[in-house]
Amino acid sequence: MTKKATIIIPNYNGLNFMQPCLDALKAQTCQDFDLLVVDNGSTDGSVEWLREREVPGIFLEENTGFSGAVNVGIRAAKTPYVILLNNDTEAEPEYVAELIQAIEASPRIFSVSPKMVQLYDKEKMDDAGDMYTLMGWAYQRGVGRETWRYQRPCAVFSACAGAAIYRREVFEEIGYFDEMHFAYLEDIDVGYRAKIAGYWNRYCPTAVVYHVGSGTSGSKYNPFKVRLAARNSIYLNYKNMPGWQLALNSLPIALGMGVKYLFFRRLGFGSAYLGGIAEGIRTAGQTKKVPYRKEDRSVYLAIQWELIWGTALYVYEFSRRQMAKIKARIS
């Protein structure tokens, strides 16, 4: 009998995280899922560990990035839904059941993002769905703020692929995760494409998962991550915005790049950021641009409004986090 979902765990040298992640899945109240680990050429003993325990897996010879690994898993799945789950997570028992219930609410829902909470500070959010701004900045809604503030389901720009559920058949329509991204912003990109095609991305606060964060890359910022994210930000806008929308947003995007450069230069990653931008501009033509249809102009205008709203929300959440830090220092 076919299960409803396949949980796909991409793994690259994540042996230290694997046991608690799998233990949490064994404790799920809903077991209506298949499990599939896609190993990305690990060298830390992950492959041997998974095989010894007979964990269902696909073992790739080299690191194909997050996008490559999850695409292999999605294509191998036979279920109506796929759940992409980072190895550095621990899901609460109702996580799978709540995600399935949420995505089954409408056939227009492409993805559902869970309530991702910081594993080492369970009063703080990690991600309540991903958002996008006029400046070309993607961000985790709610990151660093109190968990009680994010108790309502709502629409989001895209789901965070670190723990989200997706309607598998829609990938055949809009395309899979872009393997040119390798890693970073690939979930914003696929969510963006789904929105253009008329699908929705939602946030489900009753599906809770705890997340270490940067479990594979090892740090919040490093030259590799900064360069790829900068490059992929060029791909993201080029692929999904028609010419008129790129022109409309050119000034805020340029401003966003300038601010990001100053930020990363202060951290010592300025050259990595500029290198990523340069590579993105040089290679954007190799990506698959979403065909623009004039009859979809209302969809693009709705997305433009979402970018405006995402920018306002970013400013609000950023200011609240800064105020909280100031209060903490004063007290």
# chains A, B, ... in the order shown; residues from 1 in each chain; ligands from 1
>>> residues_around(residues="stretch 102-107 of chain A", least_positions_apart="2", cutoff="8 Å", atoms="only C-alpha atoms", output="short mmCIF file (atom, residue, chain, number, x, y, z; two decimals) with C-alpha atoms, in the first residue's frame")
data_model
loop_
_atom_site.label_atom_id
_atom_site.label_comp_id
_atom_site.auth_asym_id
_atom_site.auth_seq_id
_atom_site.Cartn_x
_atom_site.Cartn_y
_atom_site.Cartn_z
CA GLU A 98 0.24 18.07 10.99
CA LEU A 99 2.17 18.66 7.75
CA ILE A 100 0.06 16.13 5.85
CA ILE A 109 -1.03 24.24 -1.84
CA PHE A 110 2.43 23.38 -3.16
CA SER A 111 4.36 23.48 0.10
CA VAL A 112 3.92 23.82 3.84
CA ILE A 165 6.35 19.12 2.82
CA TYR A 166 5.77 19.45 -0.95
CA ARG A 167 3.16 18.22 -3.43
CA CYS A 204 1.80 25.45 9.80
#
>>> closest_residue(among="A:Leu246, A:Ala229, A:Ala24, A:Leu50", to="A:Glu279", atoms="only C-alpha atoms")
A:Ala229
>>> select_by_dssp(residues="stretch 103-276 of chain A", states="helix (DSSP H, G or I)", output="PyMOL selection string")
chain A and resi 103+147-149+168-174+186-196+223-240+243-248+250-267+270-276
>>> closest_atom_pairs(of="stretch 162-225 of chain A", to="stretch 116-139 of chain A", cutoff="12 Å", atoms="only C-alpha atoms", output="tab-separated table")
residue	atom	partner	partner_atom	distance
A:Gly162	CA	A:Met116	CA	9.0
A:Ala163	CA	A:Met116	CA	7.9
A:Ala164	CA	A:Gly129	CA	9.2
A:Ile165	CA	A:Gly129	CA	11.9
A:Tyr184	CA	A:Ala138	CA	10.1
A:Leu185	CA	A:Ala138	CA	7.6
A:Glu186	CA	A:Ala138	CA	10.9
A:Asp187	CA	A:Asp130	CA	8.7
A:Ile188	CA	A:Asp130	CA	7.2
A:Asp189	CA	A:Ala138	CA	10.2
A:Val190	CA	A:Asp130	CA	11.8
A:Gly191	CA	A:Asp130	CA	9.4
A:Tyr192	CA	A:Tyr132	CA	9.4
A:Asn201	CA	A:Gly129	CA	8.7
A:Arg202	CA	A:Gly129	CA	7.6
A:Tyr203	CA	A:Gly129	CA	5.8
A:Cys204	CA	A:Ala128	CA	8.2
A:Pro205	CA	A:Ala128	CA	7.7
A:Thr206	CA	A:Met116	CA	10.3
A:Ala207	CA	A:Met116	CA	8.4
A:Val208	CA	A:Met116	CA	6.0
A:Val209	CA	A:Met116	CA	5.0
A:Tyr210	CA	A:Leu119	CA	4.7
A:His211	CA	A:Leu119	CA	5.0
A:Val212	CA	A:Leu119	CA	5.3
A:Gly213	CA	A:Gln118	CA	7.8
A:Ser214	CA	A:Asp126	CA	11.4
A:Gly215	CA	A:Leu119	CA	11.6
>>> write_last_selection(atoms="C-alpha atoms", output="short mmCIF file (atom, residue, chain, number, x, y, z; two decimals), in the first residue's frame")
data_model
loop_
_atom_site.label_atom_id
_atom_site.label_comp_id
_atom_site.auth_asym_id
_atom_site.auth_seq_id
_atom_site.Cartn_x
_atom_site.Cartn_y
_atom_site.Cartn_z
CA GLY A 162 14.99 22.20 5.75
CA ALA A 163 11.78 20.60 7.02
CA ALA A 164 8.90 21.27 4.59
CA ILE A 165 6.35 19.12 2.82
CA TYR A 184 21.22 28.23 -0.64
CA LEU A 185 18.11 30.04 -1.94
CA GLU A 186 17.03 26.98 -3.91
CA ASP A 187 13.89 26.74 -1.76
CA ILE A 188 12.99 30.40 -2.36
CA ASP A 189 13.46 29.78 -6.09
CA VAL A 190 11.20 26.74 -6.26
CA GLY A 191 8.57 28.45 -4.09
CA TYR A 192 8.75 31.51 -6.37
CA ASN A 201 3.01 28.20 0.12
CA ARG A 202 1.80 28.01 3.71
CA TYR A 203 3.07 28.05 7.30
CA CYS A 204 1.80 25.45 9.80
CA PRO A 205 2.58 26.29 13.46
CA THR A 206 1.33 22.96 14.80
CA ALA A 207 4.07 21.03 12.96
CA VAL A 208 7.09 21.64 15.16
CA VAL A 209 10.69 20.71 14.49
CA TYR A 210 13.85 21.68 16.37
CA HIS A 211 16.81 22.74 14.25
CA VAL A 212 20.52 23.07 15.00
CA GLY A 213 21.19 25.27 11.96
CA SER A 214 24.27 25.28 9.67
CA GLY A 215 24.83 21.65 10.57
#
>>> select_by_dssp(residues="stretch 35-274 of chain A", states="strand (DSSP E or B)", output="PyMOL selection string")
chain A and resi 35-40+57-60+81-84+89-91+109-118+124-127+130-132+138-140+146+154-155+158+165-167+200-211
>>> residues_around(residues="A:Asn240", least_positions_apart="5", cutoff="10 Å", atoms="only C-alpha atoms", output="VMD selection string")
chain A and resid 189 to 190 192 to 193 196 235 245 to 246 288 to 292 300
>>> closest_residue(among="A:Ile7, A:Leu251, A:Val226, A:Ala91", to="A:Thr29", atoms="only C-alpha atoms")
A:Ala91
>>> closest_residue(among="A:Asn40, A:Pro10, A:Phe224, A:Ala284", to="A:Glu62", atoms="only C-alpha atoms")
A:Asn40
>>> closest_residue(among="A:Gly73, A:Phe66, A:Lys26, A:Leu15", to="A:Val38", atoms="only C-alpha atoms")
A:Gly73
>>> atom_distance(atom1="atom CA of A:Glu48", atom2="atom CA of A:Leu84")
22.2 Å
>>> residues_around(residues="stretch 276-278 of chain A", least_positions_apart="3", cutoff="6 Å", atoms="only C-alpha atoms", output="PyMOL selection string")
chain A and resi 227+230-231+273+281
>>> residues_around(residues="A:Leu313", least_positions_apart="4", cutoff="10 Å", atoms="only C-alpha atoms", output="number ranges by chain")
A: 131-133, 141-142, 307-309, 317-319
>>> write_last_selection(atoms="C-alpha atoms", output="mmCIF file, in the first residue's frame")
data_model
loop_
_atom_site.group_PDB
_atom_site.id
_atom_site.type_symbol
_atom_site.label_atom_id
_atom_site.label_comp_id
_atom_site.auth_asym_id
_atom_site.auth_seq_id
_atom_site.Cartn_x
_atom_site.Cartn_y
_atom_site.Cartn_z
ATOM 1 C CA MET A 131 10.111 35.594 2.943
ATOM 2 C CA TYR A 132 11.540 37.705 0.140
ATOM 3 C CA THR A 133 12.062 41.450 -0.242
ATOM 4 C CA ARG A 141 10.426 34.811 9.169
ATOM 5 C CA GLY A 142 10.543 35.046 12.952
ATOM 6 C CA LEU A 307 7.806 41.704 -2.017
ATOM 7 C CA ILE A 308 6.670 45.047 -0.593
ATOM 8 C CA TRP A 309 5.012 43.305 2.343
ATOM 9 C CA GLU A 317 11.243 42.115 12.763
ATOM 10 C CA PHE A 318 14.795 43.447 12.467
ATOM 11 C CA SER A 319 13.938 46.522 14.551
#
>>> residues_around(residues="A:Thr2", least_positions_apart="2", cutoff="8 Å", atoms="only C-alpha atoms", output="VMD selection string")
chain A and resid 4 78 to 79
>>> write_last_selection(atoms="N, CA and C atoms", output="PDB file, in the first residue's frame")
ATOM      1  N   LYS A   4       1.551   8.028   2.188  1.00  0.00           N
ATOM      2  CA  LYS A   4       1.203   9.379   1.760  1.00  0.00           C
ATOM      3  C   LYS A   4       2.426  10.243   1.471  1.00  0.00           C
ATOM      4  N   LYS A  78       7.545   7.671  -4.621  1.00  0.00           N
ATOM      5  CA  LYS A  78       6.323   7.246  -5.301  1.00  0.00           C
ATOM      6  C   LYS A  78       5.071   7.775  -4.605  1.00  0.00           C
ATOM      7  N   THR A  79       5.242   8.578  -3.595  1.00  0.00           N
ATOM      8  CA  THR A  79       4.139   9.055  -2.764  1.00  0.00           C
ATOM      9  C   THR A  79       3.614  10.401  -3.267  1.00  0.00           C
TER      10      THR A  79
END
